[in-house]
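The structure under discussion appears below in the form of structure tokens.
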Amino acid sequence: MTDATEKLYYQDSHMREFTAQVLSCEWDEKKNAYGVVLDRTAFFPEGGGQYADSGVLGGIAVEDVKEKDERVLHYLKQPLEAGAQVQGVIDYEERFSKMQQHSGEHIVSGLVHRYFGYDNVGFHLGQELVTMDFNGTFTGEQLCQIEREANAAVTQNIPIQVIYPTRQELDELDYRSKKELSGQVRIVIVPGYDVCACCAPHVSLTGEIGMIRLVDAIKYKGGTRVTMVCGFRALQDYRMKERNIIEISRQLSVKPYETAEAVQRMQTELQQWKEKLIRTQTAYLEKKLEELSAETKDYILFEPEMDKNAARKFVDAGMQKCSGICGIFLGNDESGYQYTLGSQSVDLKTFLKEFHETFPGKGGGKSQMVQGTVAGAAGGPQCAGGGLCDAIRSYLCK
């Protein structure tokens, strides 16, 4: 095509500024922006799991960049005149960060493929984290091995190579690719670590990647999703976690390396207090059950807070004593209530329809027991002042 865009990001991935001629500028209804095509560009479009570059073109912010039929479209909120010479400025800090992440991903994926034979079947380079989906599982020790060797590749400061093989050369080349490729294929090589088909810009030397950190790994679609950060993102991740550890150690009055044990002790104590609270609440509810007699028709209890299992047991036992409805409402007039109602004589599924016509909310269950919520009125009267809970009590205990 005569208006195919010359891709400067392949000639020099570190290019920060460039000049170009505007070939066309047309309004795009779907993007709600002008699509500008240049004769050449250093803006990398979205592709290969990596989001597009940002920056300014002709002094106007670039909202997005896409490639279509060898043309790179730059989407702007304001038009540029066709034929004009314009200057483009890449957000280089963002571009360099993406190159660090993507080049780091190649090394990690190459090592995984070499040692375990797994393929990277899904790659996403976000603005904060990188995720890689492998069609196999790892132990923690195996991931530590991959991380260590990936960082060894960084320290060797290996030149990263880019080749454009012929079809015959490609057929003889052992390379990674997530899909069938047609046309001219671009191969990115990290000697000794990875050979992969890739359309994205990369750093020139592995030393530019900086530290490679595998920060998380979870089971995903029968394989493993690994989360990674490299370079300045790894530094930012470390600083954030360091701040958190220091703050936790300060609040718990322990040394930073003792925080995990301190949190574990606190969780054990918290569980003990929770169990004690539940025992106290259960004893309180058992006392309330003793107030019920064979003559009790309806019995409704309102509590600001209560263990839900204890509340359910209260209703289970109370409905055996009441001839009407036994229920418990947890919450307050302002925020609303969560309720459990039980009855051996009233069809509660039918009862709920009429109840929620009067008291907005939702609920459901079986004819003998239902659960749900009642909407509160923020700033409204509290229970003691004759508000929502008194109205509910009067309605249920007619």
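Residue numbering restarts at 1 for every chain of the structure tokens, chains are lettered A, B, ... in their displayed order, and ligands are numbered from 1 as they appear.
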Write out as a ChimeraX atom specification each polymer residue whose atoms come within 10 Å of His113 of chain A, counting only C-alpha atoms; drop sequence neighbours fewer than 5 positions from it. /A:107-108,118-120,134,176,193-194
Write out as a list in words each polymer residue whose atoms come within 12 Å of Asp28 of chain A, counting only C-alpha atoms; drop sequence neighbours fewer than 4 positions from it. Asn32, Ala33, Tyr34, Gly35, Val36, Leu73, His74, Tyr75, Leu76, Lys77, Gln78 and Pro79 of chain A
For the selection you just gave me, I'd like the residues written to a file as an mmCIF file, in the first residue's frame, keeping C-alpha atoms.
```cif
data_model
loop_
_atom_site.group_PDB
_atom_site.id
_atom_site.type_symbol
_atom_site.label_atom_id
_atom_site.label_comp_id
_atom_site.auth_asym_id
_atom_site.auth_seq_id
_atom_site.Cartn_x
_atom_site.Cartn_y
_atom_site.Cartn_z
ATOM 1 C CA ASN A 32 -15.027 9.038 19.011
ATOM 2 C CA ALA A 33 -11.723 10.453 17.798
ATOM 3 C CA TYR A 34 -9.777 11.370 14.684
ATOM 4 C CA GLY A 35 -7.729 8.556 13.165
ATOM 5 C CA VAL A 36 -4.456 10.025 11.909
ATOM 6 C CA LEU A 73 -3.666 4.906 13.158
ATOM 7 C CA HIS A 74 -3.135 7.464 15.917
ATOM 8 C CA TYR A 75 -6.374 8.485 17.620
ATOM 9 C CA LEU A 76 -6.631 12.133 18.684
ATOM 10 C CA LYS A 77 -9.474 14.292 19.973
ATOM 11 C CA GLN A 78 -8.458 17.119 17.602
ATOM 12 C CA PRO A 79 -7.699 16.874 13.870
#
```
So which residues of segment 65-230 of chain A fall under alpha helix (DSSP H) by DSSP, listed as a ChimeraX atom specification? /A:92-116,140-155,167-171
Give me, as CSV, the closest atom pair and its distance (Å, one decimal) for every residue of segment 38-76 of chain A within a cut-off of 8 Å of segment 196-218 of chain A, counting only C-alpha atoms, rows sorted by chain and rising number.
```
residue,atom,partner,partner_atom,distance
A:Phe44,CA,A:Ala200,CA,7.5
A:Gly47,CA,A:Cys199,CA,7.4
A:Gly48,CA,A:Cys199,CA,6.6
A:Gln50,CA,A:Ala200,CA,7.7
```
Which residues are close to Leu23 of chain A, i.e. within 7 Å by only C-alpha atoms, leaving aside same-chain residues fewer than 2 positions away? Reply as a VMD selection string. chain A and resid 21 37 to 39 82 to 83
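Taking only C-alpha atoms into account, Asp307 of chain A lies nearest to A:Ile328 out of the set A:Val254, A:Val185, A:Ile328, A:Met99.
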Name the residues of segment 22-250 of chain A that fall into strand (DSSP E) according to DSSP on the backbone, using the chain letters and numbers of this document, as a VMD selection string. chain A and resid 22 to 28 33 to 38 40 to 41 55 to 57 60 to 62 64 to 68 71 to 76 85 to 90 120 to 125 130 to 134 161 to 163 187 to 190 194 to 197 212 to 220 223 to 230
Coordinates-based distance that separates atom CA of Lys219 of chain A from atom CA of Tyr115 of chain A (Å, one decimal):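 It comes out at 19.1 Å.
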Determine the nearest neighbour of Phe123 of chain A from the options A:Thr137, A:Gln368, A:Thr224, A:Gln161, counting only C-alpha atoms.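 The closest residue to Phe123 of chain A is A:Thr224.
Atom to atom, atom CA of Asp333 of chain A and atom CA of Gly376 of chain A stand 5.3 Å apart.
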Could you jot down the atom CA of Ala42 of chain A to atom CA of Gly110 of chain A separation for me, Å, one decimal place?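 One can read the atom CA of Ala42 of chain A to atom CA of Gly110 of chain A distance as 27.5 Å.
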Neighbour list for segment 96-98 of chain A as an NGL selection string, cut-off 12 Å, only C-alpha atoms, skip fewer than 6 positions in-chain: :A and (9 or 13-16 or 44 or 46 or 49-54 or 90 or 104-105 or 124-130 or 200-204 or 208-210 or 229-236)
Which one is closest to Ile187 of chain A: A:Leu170, A:Val162, A:Leu80, A:Met240? Count only C-alpha atoms. A:Val162
